[in-house]
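Structure file coords_24.txt; described as compact mmCIF, N, CA and C atoms.
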# COMPACT_ATOMS: atom_id res chain seq x y z
N ARG A 725 -11.42 6.12 -21.79
CA ARG A 725 -10.81 6.95 -20.77
C ARG A 725 -11.84 7.87 -20.13
N MET A 726 -12.72 8.42 -20.92
CA MET A 726 -13.64 9.42 -20.38
C MET A 726 -14.79 8.82 -19.58
N TYR A 727 -15.17 7.60 -19.89
CA TYR A 727 -16.30 6.98 -19.20
C TYR A 727 -15.94 5.55 -18.78
N PRO A 728 -15.04 5.41 -17.80
CA PRO A 728 -14.66 4.06 -17.38
C PRO A 728 -15.85 3.35 -16.75
N PRO A 729 -16.04 2.08 -17.05
CA PRO A 729 -17.18 1.36 -16.48
C PRO A 729 -17.19 1.39 -14.95
N ALA A 730 -16.05 1.13 -14.34
CA ALA A 730 -15.95 1.21 -12.88
C ALA A 730 -15.52 2.64 -12.55
N PHE A 731 -16.50 3.52 -12.35
CA PHE A 731 -16.21 4.93 -12.17
C PHE A 731 -15.70 5.26 -10.77
N ILE A 732 -15.95 4.35 -9.83
CA ILE A 732 -15.44 4.52 -8.48
C ILE A 732 -15.18 3.14 -7.89
N VAL A 733 -14.07 3.02 -7.16
CA VAL A 733 -13.65 1.74 -6.60
C VAL A 733 -13.34 1.95 -5.13
N GLY A 734 -13.86 1.08 -4.29
CA GLY A 734 -13.59 1.18 -2.86
C GLY A 734 -12.49 0.22 -2.44
N ARG A 735 -11.66 0.67 -1.52
CA ARG A 735 -10.62 -0.18 -0.94
C ARG A 735 -10.66 0.00 0.57
N HIS A 736 -10.37 -1.07 1.27
CA HIS A 736 -10.47 -1.10 2.72
C HIS A 736 -9.06 -1.26 3.31
N VAL A 737 -8.71 -0.38 4.25
CA VAL A 737 -7.42 -0.50 4.93
C VAL A 737 -7.57 -1.59 5.99
N ASN A 738 -7.06 -2.77 5.68
CA ASN A 738 -7.29 -3.90 6.59
C ASN A 738 -6.02 -4.41 7.27
N THR A 739 -4.93 -3.68 7.10
CA THR A 739 -3.71 -4.07 7.83
C THR A 739 -3.48 -3.01 8.91
N THR A 740 -2.30 -2.53 9.02
CA THR A 740 -2.03 -1.47 9.99
C THR A 740 -2.43 -0.14 9.39
N GLU A 741 -2.51 0.87 10.23
CA GLU A 741 -2.85 2.19 9.71
C GLU A 741 -1.82 2.62 8.68
N GLN A 742 -2.26 3.45 7.76
CA GLN A 742 -1.42 3.88 6.64
C GLN A 742 -1.43 5.40 6.54
N THR A 743 -0.46 5.94 5.84
CA THR A 743 -0.44 7.36 5.51
C THR A 743 -0.37 7.47 4.00
N LEU A 744 -1.28 8.20 3.41
CA LEU A 744 -1.31 8.43 1.97
C LEU A 744 -1.18 9.92 1.75
N LEU A 745 -0.08 10.32 1.13
CA LEU A 745 0.28 11.74 1.05
C LEU A 745 0.32 12.26 2.48
N SER A 746 -0.50 13.21 2.85
CA SER A 746 -0.49 13.69 4.23
C SER A 746 -1.71 13.22 5.02
N TYR A 747 -2.46 12.26 4.46
CA TYR A 747 -3.69 11.78 5.10
C TYR A 747 -3.43 10.53 5.93
N HIS A 748 -3.89 10.57 7.16
CA HIS A 748 -3.79 9.42 8.06
C HIS A 748 -5.00 8.53 7.83
N LEU A 749 -4.77 7.24 7.55
CA LEU A 749 -5.86 6.29 7.30
C LEU A 749 -5.78 5.18 8.36
N PRO A 750 -6.63 5.27 9.39
CA PRO A 750 -6.61 4.22 10.41
C PRO A 750 -7.10 2.89 9.84
N ARG A 751 -6.72 1.80 10.49
CA ARG A 751 -7.20 0.48 10.09
C ARG A 751 -8.73 0.49 10.11
N GLY A 752 -9.33 -0.13 9.08
CA GLY A 752 -10.79 -0.15 8.96
C GLY A 752 -11.35 0.96 8.09
N THR A 753 -10.52 1.89 7.66
CA THR A 753 -10.97 2.99 6.80
C THR A 753 -11.31 2.46 5.41
N THR A 754 -12.42 2.93 4.85
CA THR A 754 -12.74 2.64 3.47
C THR A 754 -12.34 3.85 2.64
N MET A 755 -11.55 3.62 1.62
CA MET A 755 -11.06 4.68 0.76
C MET A 755 -11.69 4.50 -0.63
N LEU A 756 -12.14 5.57 -1.23
CA LEU A 756 -12.72 5.52 -2.57
C LEU A 756 -11.77 6.15 -3.57
N VAL A 757 -11.55 5.46 -4.68
CA VAL A 757 -10.71 5.95 -5.76
C VAL A 757 -11.60 6.08 -6.99
N SER A 758 -11.50 7.19 -7.69
CA SER A 758 -12.36 7.41 -8.85
C SER A 758 -11.56 7.49 -10.15
N PRO A 759 -11.54 6.38 -10.93
CA PRO A 759 -10.93 6.45 -12.26
C PRO A 759 -11.56 7.56 -13.11
N PHE A 760 -12.85 7.80 -12.93
CA PHE A 760 -13.56 8.85 -13.67
C PHE A 760 -12.87 10.19 -13.47
N MET A 761 -12.50 10.52 -12.23
CA MET A 761 -11.84 11.79 -11.93
C MET A 761 -10.36 11.76 -12.30
N ILE A 762 -9.69 10.63 -12.05
CA ILE A 762 -8.27 10.51 -12.38
C ILE A 762 -8.07 10.69 -13.88
N HIS A 763 -8.96 10.14 -14.69
CA HIS A 763 -8.84 10.23 -16.15
C HIS A 763 -9.15 11.63 -16.66
N ARG A 764 -9.63 12.52 -15.81
CA ARG A 764 -9.93 13.91 -16.18
C ARG A 764 -8.95 14.90 -15.54
N ASN A 765 -7.86 14.40 -15.02
CA ASN A 765 -6.89 15.25 -14.35
C ASN A 765 -6.06 16.01 -15.38
N PRO A 766 -6.14 17.35 -15.40
CA PRO A 766 -5.38 18.12 -16.39
C PRO A 766 -3.87 18.00 -16.22
N ASN A 767 -3.40 17.56 -15.06
CA ASN A 767 -1.96 17.34 -14.88
C ASN A 767 -1.50 16.07 -15.59
N SER A 768 -2.44 15.18 -15.90
CA SER A 768 -2.11 13.92 -16.55
C SER A 768 -2.48 13.90 -18.02
N PHE A 769 -3.54 14.61 -18.38
CA PHE A 769 -4.04 14.60 -19.76
C PHE A 769 -4.28 16.02 -20.25
N LYS A 770 -3.65 16.36 -21.37
CA LYS A 770 -3.90 17.65 -21.99
C LYS A 770 -5.34 17.68 -22.48
N SER A 771 -6.07 18.74 -22.20
CA SER A 771 -7.49 18.87 -22.57
C SER A 771 -8.25 17.60 -22.15
N PRO A 772 -8.32 17.33 -20.85
CA PRO A 772 -8.86 16.05 -20.38
C PRO A 772 -10.33 15.81 -20.72
N ASN A 773 -11.11 16.86 -20.95
CA ASN A 773 -12.53 16.67 -21.26
C ASN A 773 -12.80 16.60 -22.76
N LEU A 774 -11.73 16.60 -23.54
CA LEU A 774 -11.86 16.50 -24.99
C LEU A 774 -11.66 15.05 -25.43
N TYR A 775 -12.59 14.55 -26.23
CA TYR A 775 -12.43 13.20 -26.79
C TYR A 775 -11.43 13.29 -27.92
N ASN A 776 -10.28 12.68 -27.75
CA ASN A 776 -9.22 12.74 -28.74
C ASN A 776 -8.45 11.42 -28.77
N PRO A 777 -8.90 10.46 -29.58
CA PRO A 777 -8.21 9.17 -29.64
C PRO A 777 -6.76 9.28 -30.08
N ARG A 778 -6.39 10.36 -30.77
CA ARG A 778 -5.02 10.52 -31.24
C ARG A 778 -4.03 10.75 -30.09
N ARG A 779 -4.53 11.05 -28.91
CA ARG A 779 -3.62 11.29 -27.78
C ARG A 779 -2.79 10.05 -27.46
N TRP A 780 -3.26 8.87 -27.88
CA TRP A 780 -2.55 7.63 -27.58
C TRP A 780 -1.48 7.27 -28.60
N LEU A 781 -1.46 7.98 -29.74
CA LEU A 781 -0.49 7.67 -30.78
C LEU A 781 0.92 8.07 -30.37
N LYS A 782 1.87 7.24 -30.75
CA LYS A 782 3.28 7.55 -30.54
C LYS A 782 3.94 7.53 -31.91
N ASP A 783 4.46 8.66 -32.34
CA ASP A 783 5.09 8.76 -33.67
C ASP A 783 4.14 8.31 -34.77
N GLY A 784 2.85 8.64 -34.62
CA GLY A 784 1.86 8.30 -35.64
C GLY A 784 1.39 6.86 -35.61
N GLU A 785 1.94 6.06 -34.71
CA GLU A 785 1.57 4.65 -34.63
C GLU A 785 0.86 4.38 -33.31
N CYS A 786 -0.09 3.49 -33.36
CA CYS A 786 -0.82 3.12 -32.15
C CYS A 786 -0.02 2.05 -31.40
N PRO A 787 0.34 2.33 -30.14
CA PRO A 787 1.07 1.31 -29.37
C PRO A 787 0.14 0.18 -28.98
N PRO A 788 0.68 -0.97 -28.65
CA PRO A 788 -0.16 -2.07 -28.19
C PRO A 788 -0.93 -1.66 -26.94
N TRP A 789 -2.20 -2.05 -26.86
CA TRP A 789 -3.01 -1.67 -25.70
C TRP A 789 -2.44 -2.20 -24.40
N ALA A 790 -1.78 -3.33 -24.45
CA ALA A 790 -1.17 -3.87 -23.23
C ALA A 790 -0.14 -2.89 -22.69
N GLU A 791 0.58 -2.23 -23.60
CA GLU A 791 1.59 -1.24 -23.19
C GLU A 791 0.91 -0.04 -22.52
N ILE A 792 -0.19 0.42 -23.10
CA ILE A 792 -0.92 1.56 -22.53
C ILE A 792 -1.41 1.21 -21.14
N LEU A 793 -2.00 0.04 -21.00
CA LEU A 793 -2.51 -0.36 -19.69
C LEU A 793 -1.38 -0.50 -18.68
N LYS A 794 -0.27 -1.05 -19.11
CA LYS A 794 0.88 -1.21 -18.21
C LYS A 794 1.39 0.16 -17.78
N GLU A 795 1.54 1.08 -18.73
CA GLU A 795 2.00 2.42 -18.40
C GLU A 795 1.02 3.12 -17.47
N GLY A 796 -0.27 2.97 -17.75
CA GLY A 796 -1.28 3.62 -16.91
C GLY A 796 -1.28 3.06 -15.50
N THR A 797 -1.12 1.75 -15.39
CA THR A 797 -1.11 1.13 -14.07
C THR A 797 0.07 1.62 -13.26
N VAL A 798 1.22 1.72 -13.89
CA VAL A 798 2.42 2.16 -13.18
C VAL A 798 2.30 3.62 -12.79
N SER A 799 1.86 4.46 -13.71
CA SER A 799 1.80 5.90 -13.43
C SER A 799 0.56 6.25 -12.62
N GLY A 800 -0.47 5.42 -12.70
CA GLY A 800 -1.71 5.71 -11.99
C GLY A 800 -2.60 6.69 -12.72
N ASN A 801 -2.25 7.06 -13.97
CA ASN A 801 -3.03 8.03 -14.72
C ASN A 801 -4.15 7.41 -15.54
N TYR A 802 -4.03 6.15 -15.90
CA TYR A 802 -5.04 5.49 -16.72
C TYR A 802 -5.31 4.12 -16.12
N ILE A 803 -6.44 4.02 -15.43
CA ILE A 803 -6.74 2.79 -14.69
C ILE A 803 -8.19 2.33 -14.95
N PRO A 804 -8.55 2.07 -16.20
CA PRO A 804 -9.94 1.68 -16.49
C PRO A 804 -10.34 0.34 -15.87
N PHE A 805 -9.36 -0.49 -15.55
CA PHE A 805 -9.66 -1.80 -14.97
C PHE A 805 -9.09 -1.93 -13.56
N GLY A 806 -8.80 -0.80 -12.94
CA GLY A 806 -8.19 -0.83 -11.62
C GLY A 806 -6.69 -1.01 -11.76
N ALA A 807 -6.05 -1.35 -10.65
CA ALA A 807 -4.60 -1.51 -10.67
C ALA A 807 -4.15 -2.37 -9.49
N GLY A 808 -2.94 -2.83 -9.58
CA GLY A 808 -2.35 -3.57 -8.47
C GLY A 808 -2.94 -4.97 -8.31
N PRO A 809 -2.87 -5.50 -7.09
CA PRO A 809 -3.30 -6.88 -6.88
C PRO A 809 -4.80 -7.11 -7.10
N ARG A 810 -5.59 -6.05 -7.13
CA ARG A 810 -7.03 -6.19 -7.33
C ARG A 810 -7.48 -5.74 -8.72
N VAL A 811 -6.54 -5.70 -9.67
CA VAL A 811 -6.90 -5.33 -11.03
C VAL A 811 -7.94 -6.33 -11.57
N CYS A 812 -8.82 -5.85 -12.42
CA CYS A 812 -9.88 -6.70 -12.97
C CYS A 812 -9.30 -7.93 -13.66
N ILE A 813 -9.81 -9.08 -13.32
CA ILE A 813 -9.32 -10.34 -13.90
C ILE A 813 -9.64 -10.42 -15.40
N GLY A 814 -10.63 -9.65 -15.86
CA GLY A 814 -11.03 -9.71 -17.26
C GLY A 814 -10.39 -8.66 -18.15
N THR A 815 -9.36 -7.96 -17.67
CA THR A 815 -8.74 -6.89 -18.45
C THR A 815 -8.28 -7.35 -19.83
N GLY A 816 -7.50 -8.41 -19.89
CA GLY A 816 -6.97 -8.89 -21.18
C GLY A 816 -8.08 -9.30 -22.13
N PHE A 817 -9.06 -10.04 -21.60
CA PHE A 817 -10.18 -10.48 -22.43
C PHE A 817 -10.97 -9.28 -22.93
N ALA A 818 -11.25 -8.32 -22.06
CA ALA A 818 -12.04 -7.15 -22.45
C ALA A 818 -11.35 -6.36 -23.56
N MET A 819 -10.04 -6.17 -23.44
CA MET A 819 -9.31 -5.42 -24.46
C MET A 819 -9.29 -6.17 -25.79
N MET A 820 -9.07 -7.48 -25.75
CA MET A 820 -9.06 -8.28 -26.97
C MET A 820 -10.46 -8.27 -27.62
N GLU A 821 -11.48 -8.47 -26.82
CA GLU A 821 -12.85 -8.48 -27.33
C GLU A 821 -13.20 -7.13 -27.94
N MET A 822 -12.81 -6.03 -27.27
CA MET A 822 -13.10 -4.70 -27.78
C MET A 822 -12.47 -4.48 -29.15
N MET A 823 -11.21 -4.86 -29.29
CA MET A 823 -10.51 -4.64 -30.56
C MET A 823 -11.15 -5.44 -31.70
N ILE A 824 -11.53 -6.68 -31.43
CA ILE A 824 -12.13 -7.53 -32.46
C ILE A 824 -13.52 -7.02 -32.85
N VAL A 825 -14.34 -6.75 -31.87
CA VAL A 825 -15.72 -6.32 -32.14
C VAL A 825 -15.76 -4.94 -32.79
N LEU A 826 -15.00 -3.98 -32.25
CA LEU A 826 -15.01 -2.64 -32.83
C LEU A 826 -14.45 -2.62 -34.24
N ARG A 827 -13.40 -3.38 -34.49
CA ARG A 827 -12.85 -3.42 -35.85
C ARG A 827 -13.90 -3.93 -36.84
N LYS A 828 -14.59 -4.99 -36.47
CA LYS A 828 -15.63 -5.55 -37.35
C LYS A 828 -16.78 -4.55 -37.55
N LEU A 829 -17.24 -3.96 -36.44
CA LEU A 829 -18.36 -3.02 -36.55
C LEU A 829 -18.00 -1.79 -37.39
N PHE A 830 -16.84 -1.18 -37.11
CA PHE A 830 -16.47 0.05 -37.80
C PHE A 830 -16.04 -0.18 -39.24
N SER A 831 -15.63 -1.39 -39.58
CA SER A 831 -15.30 -1.66 -40.97
C SER A 831 -16.55 -2.00 -41.78
N THR A 832 -17.62 -2.37 -41.11
CA THR A 832 -18.86 -2.77 -41.78
C THR A 832 -19.91 -1.66 -41.78
N PHE A 833 -19.94 -0.87 -40.71
CA PHE A 833 -20.97 0.15 -40.55
C PHE A 833 -20.38 1.52 -40.24
N GLU A 834 -21.20 2.53 -40.51
CA GLU A 834 -20.87 3.90 -40.14
C GLU A 834 -21.89 4.31 -39.07
N PHE A 835 -21.42 4.90 -37.99
CA PHE A 835 -22.29 5.29 -36.87
C PHE A 835 -22.29 6.80 -36.74
N ARG A 836 -23.49 7.36 -36.60
CA ARG A 836 -23.64 8.81 -36.37
C ARG A 836 -24.67 9.01 -35.26
N PRO A 837 -24.32 9.84 -34.28
CA PRO A 837 -25.29 10.10 -33.22
C PRO A 837 -26.46 10.93 -33.74
N CYS A 838 -27.65 10.64 -33.26
CA CYS A 838 -28.84 11.39 -33.64
C CYS A 838 -29.12 12.53 -32.65
N SER A 839 -28.38 12.54 -31.56
CA SER A 839 -28.56 13.56 -30.53
C SER A 839 -27.21 13.79 -29.85
N PRO A 840 -27.14 14.81 -28.99
CA PRO A 840 -25.88 15.03 -28.26
C PRO A 840 -25.52 13.80 -27.41
N PHE A 841 -24.27 13.78 -26.95
CA PHE A 841 -23.83 12.64 -26.15
C PHE A 841 -24.76 12.47 -24.96
N PRO A 842 -25.15 11.24 -24.65
CA PRO A 842 -26.14 11.01 -23.59
C PRO A 842 -25.58 11.26 -22.19
N ALA A 843 -26.50 11.53 -21.30
CA ALA A 843 -26.13 11.61 -19.88
C ALA A 843 -25.78 10.20 -19.42
N THR A 844 -25.08 10.12 -18.32
CA THR A 844 -24.70 8.81 -17.80
C THR A 844 -25.50 8.48 -16.55
N SER A 845 -25.61 7.20 -16.29
CA SER A 845 -26.28 6.69 -15.11
C SER A 845 -25.25 5.91 -14.31
N ALA A 846 -25.04 6.32 -13.07
CA ALA A 846 -24.03 5.69 -12.22
C ALA A 846 -24.69 4.62 -11.35
N LEU A 847 -24.66 3.40 -11.84
CA LEU A 847 -25.16 2.26 -11.07
C LEU A 847 -23.94 1.51 -10.55
N ILE A 848 -23.90 0.21 -10.68
CA ILE A 848 -22.68 -0.52 -10.32
C ILE A 848 -21.57 -0.13 -11.28
N THR A 849 -21.92 0.03 -12.55
CA THR A 849 -20.99 0.55 -13.55
C THR A 849 -21.58 1.83 -14.13
N LEU A 850 -20.74 2.62 -14.77
CA LEU A 850 -21.17 3.85 -15.42
C LEU A 850 -21.74 3.49 -16.79
N ARG A 851 -22.99 3.87 -17.03
CA ARG A 851 -23.66 3.48 -18.28
C ARG A 851 -24.31 4.70 -18.94
N PRO A 852 -24.34 4.71 -20.27
CA PRO A 852 -25.06 5.81 -20.94
C PRO A 852 -26.56 5.60 -20.80
N MET A 853 -27.28 6.70 -20.66
CA MET A 853 -28.74 6.61 -20.66
C MET A 853 -29.18 6.47 -22.11
N ASP A 854 -30.45 6.31 -22.35
CA ASP A 854 -30.95 6.07 -23.71
C ASP A 854 -30.49 7.14 -24.69
N PHE A 855 -30.06 6.69 -25.85
CA PHE A 855 -29.71 7.58 -26.94
C PHE A 855 -29.87 6.82 -28.24
N GLN A 856 -29.91 7.55 -29.36
CA GLN A 856 -30.11 6.91 -30.65
C GLN A 856 -28.90 7.14 -31.56
N LEU A 857 -28.60 6.12 -32.34
CA LEU A 857 -27.54 6.18 -33.34
C LEU A 857 -28.13 5.88 -34.70
N GLU A 858 -27.64 6.57 -35.70
CA GLU A 858 -27.97 6.21 -37.08
C GLU A 858 -26.87 5.25 -37.54
N VAL A 859 -27.28 4.10 -38.05
CA VAL A 859 -26.33 3.08 -38.48
C VAL A 859 -26.51 2.85 -39.97
N ARG A 860 -25.41 2.98 -40.72
CA ARG A 860 -25.47 2.77 -42.17
C ARG A 860 -24.38 1.78 -42.57
N SER A 861 -24.71 0.95 -43.56
CA SER A 861 -23.72 0.04 -44.12
C SER A 861 -22.66 0.83 -44.87
N ARG A 862 -21.42 0.35 -44.83
CA ARG A 862 -20.35 1.01 -45.60
C ARG A 862 -20.31 0.46 -47.01

This entry written out as structure tokens:
Amino acid sequence: RMYPPAFIVGRHVNTTEQTLLSYHLPRGTTMLVSPFMIHRNPNSFKSPNLYNPRRWLKDGECPPWAEILKEGTVSGNYIPFGAGPRVCIGTGFAMMEMMIVLRKLFSTFEFRPCSPFPATSALITLRPMDFQLEVRSR
């Protein structure tokens, strides 16, 4: 949530002119949407700059990630893979891969940062700059 890979997404108004809230968007306008900023909105997330994985728990249980993504897409509050007709085609694969790889890594190793959280580099995707981790077998 805090560091979505696609930190900014551009969309082009290619049909008739549109109105978004009180903004007039003529045909040909390029609009930028920032999941990075949306995911830090205090109206959507309590303590938005705090890393707190427990915020996703419901009654002490972790809901299926598909449910979280569906809820986020509908509400517009959590859009790590975009939303609507242009949602990332790899969303399902990325979530499945993440769960499998992270479960294996965290059950086998313990990770500790050797320095504060790294600065980010905004290229095509948002990436951490160089940092070091201490890795120990469990």

Long-range neighbours of Phe855 of chain A as a list in words, 7 Å cut-off, all atoms listed in the file, 4 positions minimum in chain: Cys838, Ser839 and Pro842 of chain A

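From atom CA of Ile762 of chain A back to atom CA of Pro729 of chain A, the distance works out to 13.4 Å.
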
Quick check, in Å to one decimal: how far apart do atom N of Ser768 of chain A and atom CA of Thr849 of chain A lie?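 Result for atom N of Ser768 of chain A versus atom CA of Thr849 of chain A: 23.7 Å, one decimal.
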
Tell me, as a tab-separated table (two decimals) with N, CA and C atoms, keeping the file's coordinate frame, which residues lie within 8 Å of Pro837 of chain A, counting all atoms listed in the file; anything in the same chain fewer than 4 positions away does not count.
chain	number	residue	atom	x	y	z
A	841	PHE	N	-24.27	13.78	-26.95
A	841	PHE	CA	-23.83	12.64	-26.15
A	841	PHE	C	-24.76	12.47	-24.96
A	855	PHE	N	-30.06	6.69	-25.85
A	855	PHE	CA	-29.71	7.58	-26.94
A	855	PHE	C	-29.87	6.82	-28.24
A	856	GLN	N	-29.91	7.55	-29.36
A	856	GLN	CA	-30.11	6.91	-30.65
A	856	GLN	C	-28.90	7.14	-31.56
A	857	LEU	N	-28.60	6.12	-32.34
A	857	LEU	CA	-27.54	6.18	-33.34
A	857	LEU	C	-28.13	5.88	-34.70
A	858	GLU	N	-27.64	6.57	-35.70
A	858	GLU	CA	-27.97	6.21	-37.08
A	858	GLU	C	-26.87	5.25	-37.54
A	859	VAL	N	-27.28	4.10	-38.05
A	859	VAL	CA	-26.33	3.08	-38.48
A	859	VAL	C	-26.51	2.85	-39.97

Just the residues within 8 Å of segment 806-813 of chain A, please, counting only C-alpha atoms, with nothing from its chain fewer than 3 positions along; format it as a PyMOL selection string. chain A and resi 733+759+797+800+803+816

Kindly give the distance, in Å, that separates atom N of Phe731 of chain A and atom CA of Asp854 of chain A, rounded to a single decimal. 18.6 Å

Determine, counting only N, CA and C atoms, every residue of protein, DNA or RNA that lies within 8 Å of (-16.6, 7.3, -18.2) in the file coordinates, then give the result as a PyMOL selection string. chain A and resi 725-731+759-761+850-851

Print the selection's residues with N, CA and C atoms to a file, as a compact mmCIF listing (two decimals), in the frame of the given file.
# COMPACT_ATOMS: atom_id res chain seq x y z
N ARG A 725 -11.42 6.12 -21.79
CA ARG A 725 -10.81 6.95 -20.77
C ARG A 725 -11.84 7.87 -20.13
N MET A 726 -12.72 8.42 -20.92
CA MET A 726 -13.64 9.42 -20.38
C MET A 726 -14.79 8.82 -19.58
N TYR A 727 -15.17 7.60 -19.89
CA TYR A 727 -16.30 6.98 -19.20
C TYR A 727 -15.94 5.55 -18.78
N PRO A 728 -15.04 5.41 -17.80
CA PRO A 728 -14.66 4.06 -17.38
C PRO A 728 -15.85 3.35 -16.75
N PRO A 729 -16.04 2.08 -17.05
CA PRO A 729 -17.18 1.36 -16.48
C PRO A 729 -17.19 1.39 -14.95
N ALA A 730 -16.05 1.13 -14.34
CA ALA A 730 -15.95 1.21 -12.88
C ALA A 730 -15.52 2.64 -12.55
N PHE A 731 -16.50 3.52 -12.35
CA PHE A 731 -16.21 4.93 -12.17
C PHE A 731 -15.70 5.26 -10.77
N PRO A 759 -11.54 6.38 -10.93
CA PRO A 759 -10.93 6.45 -12.26
C PRO A 759 -11.56 7.56 -13.11
N PHE A 760 -12.85 7.80 -12.93
CA PHE A 760 -13.56 8.85 -13.67
C PHE A 760 -12.87 10.19 -13.47
N MET A 761 -12.50 10.52 -12.23
CA MET A 761 -11.84 11.79 -11.93
C MET A 761 -10.36 11.76 -12.30
N LEU A 850 -20.74 2.62 -14.77
CA LEU A 850 -21.17 3.85 -15.42
C LEU A 850 -21.74 3.49 -16.79
N ARG A 851 -22.99 3.87 -17.03
CA ARG A 851 -23.66 3.48 -18.28
C ARG A 851 -24.31 4.70 -18.94

Report as a ChimeraX atom specification: the residues of segment 743-851 of chain A with a DSSP assignment of strand (DSSP E or B), based on the backbone of this structure. /A:743-744,747-749,754-757,782,785,804,806,833-837,844-846,850-851

Please extract the residues of chain A with a backbone DSSP assignment of alpha helix (DSSP H) and present them as a PyMOL selection string. chain A and resi 759-762+789-799+815-832

Taking only C-alpha atoms into account, which of A:Gly814, A:Arg735, A:Glu834, A:Pro772 comes nearest Leu756 of chain A?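 Closest to Leu756 of chain A, using only C-alpha atoms: A:Arg735.
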
With only N, CA and C atoms as the counted atoms, please give the residues lying no more than 8 Å from Asn773 of chain A, apart from itself and same-chain residues fewer than 4 positions off, as number ranges by chain. A: 726, 763-766, 769

Name the residues in contact with Pro852 of chain A at a cut-off of 6 Å, using only N, CA and C atoms, excluding same-chain residues fewer than 6 positions from it; report them as a ChimeraX atom specification. /A:842-845

Quick one: what's the axis-aligned box for segment 766-781 of chain A, all listed atoms, 6 Å on every side, centre and edges in Å to one decimal, as lines of an AutoDock Vina configuration file?
center_x = -5.9
center_y = 13.1
center_z = -23.1
size_x = 25.7
size_y = 23.6
size_z = 28.4

Can you rebuild segment 808-813 of chain A with all heavy atoms and give it as a short mmCIF file (atom, residue, chain, number, x, y, z; two decimals), keeping the file's coordinate frame?
data_model
loop_
_atom_site.label_atom_id
_atom_site.label_comp_id
_atom_site.auth_asym_id
_atom_site.auth_seq_id
_atom_site.Cartn_x
_atom_site.Cartn_y
_atom_site.Cartn_z
N GLY A 808 -2.94 -2.83 -9.58
CA GLY A 808 -2.35 -3.57 -8.47
C GLY A 808 -2.94 -4.97 -8.31
O GLY A 808 -3.47 -5.55 -9.26
N PRO A 809 -2.87 -5.50 -7.09
CA PRO A 809 -3.30 -6.88 -6.88
C PRO A 809 -4.80 -7.11 -7.10
O PRO A 809 -5.24 -8.23 -7.27
CB PRO A 809 -2.91 -7.17 -5.43
CG PRO A 809 -2.68 -5.86 -4.80
CD PRO A 809 -2.32 -4.89 -5.89
N ARG A 810 -5.59 -6.05 -7.13
CA ARG A 810 -7.03 -6.19 -7.33
C ARG A 810 -7.48 -5.74 -8.72
O ARG A 810 -8.64 -5.45 -8.95
CB ARG A 810 -7.79 -5.40 -6.27
CG ARG A 810 -7.44 -5.78 -4.86
CD ARG A 810 -8.66 -6.29 -4.14
NE ARG A 810 -8.41 -6.47 -2.73
CZ ARG A 810 -8.02 -7.61 -2.18
NH1 ARG A 810 -7.81 -8.66 -2.94
NH2 ARG A 810 -7.84 -7.70 -0.89
N VAL A 811 -6.54 -5.70 -9.67
CA VAL A 811 -6.90 -5.33 -11.03
C VAL A 811 -7.94 -6.33 -11.57
O VAL A 811 -7.95 -7.50 -11.19
CB VAL A 811 -5.64 -5.28 -11.94
CG1 VAL A 811 -5.06 -6.65 -12.17
CG2 VAL A 811 -5.95 -4.58 -13.25
N CYS A 812 -8.82 -5.85 -12.42
CA CYS A 812 -9.88 -6.70 -12.97
C CYS A 812 -9.30 -7.93 -13.66
O CYS A 812 -8.41 -7.81 -14.51
CB CYS A 812 -10.71 -5.90 -13.96
SG CYS A 812 -12.00 -6.85 -14.78
N ILE A 813 -9.81 -9.08 -13.32
CA ILE A 813 -9.32 -10.34 -13.90
C ILE A 813 -9.64 -10.42 -15.40
O ILE A 813 -8.98 -11.13 -16.15
CB ILE A 813 -9.90 -11.55 -13.14
CG1 ILE A 813 -9.15 -12.82 -13.51
CG2 ILE A 813 -11.39 -11.67 -13.38
CD1 ILE A 813 -9.49 -14.00 -12.63
#
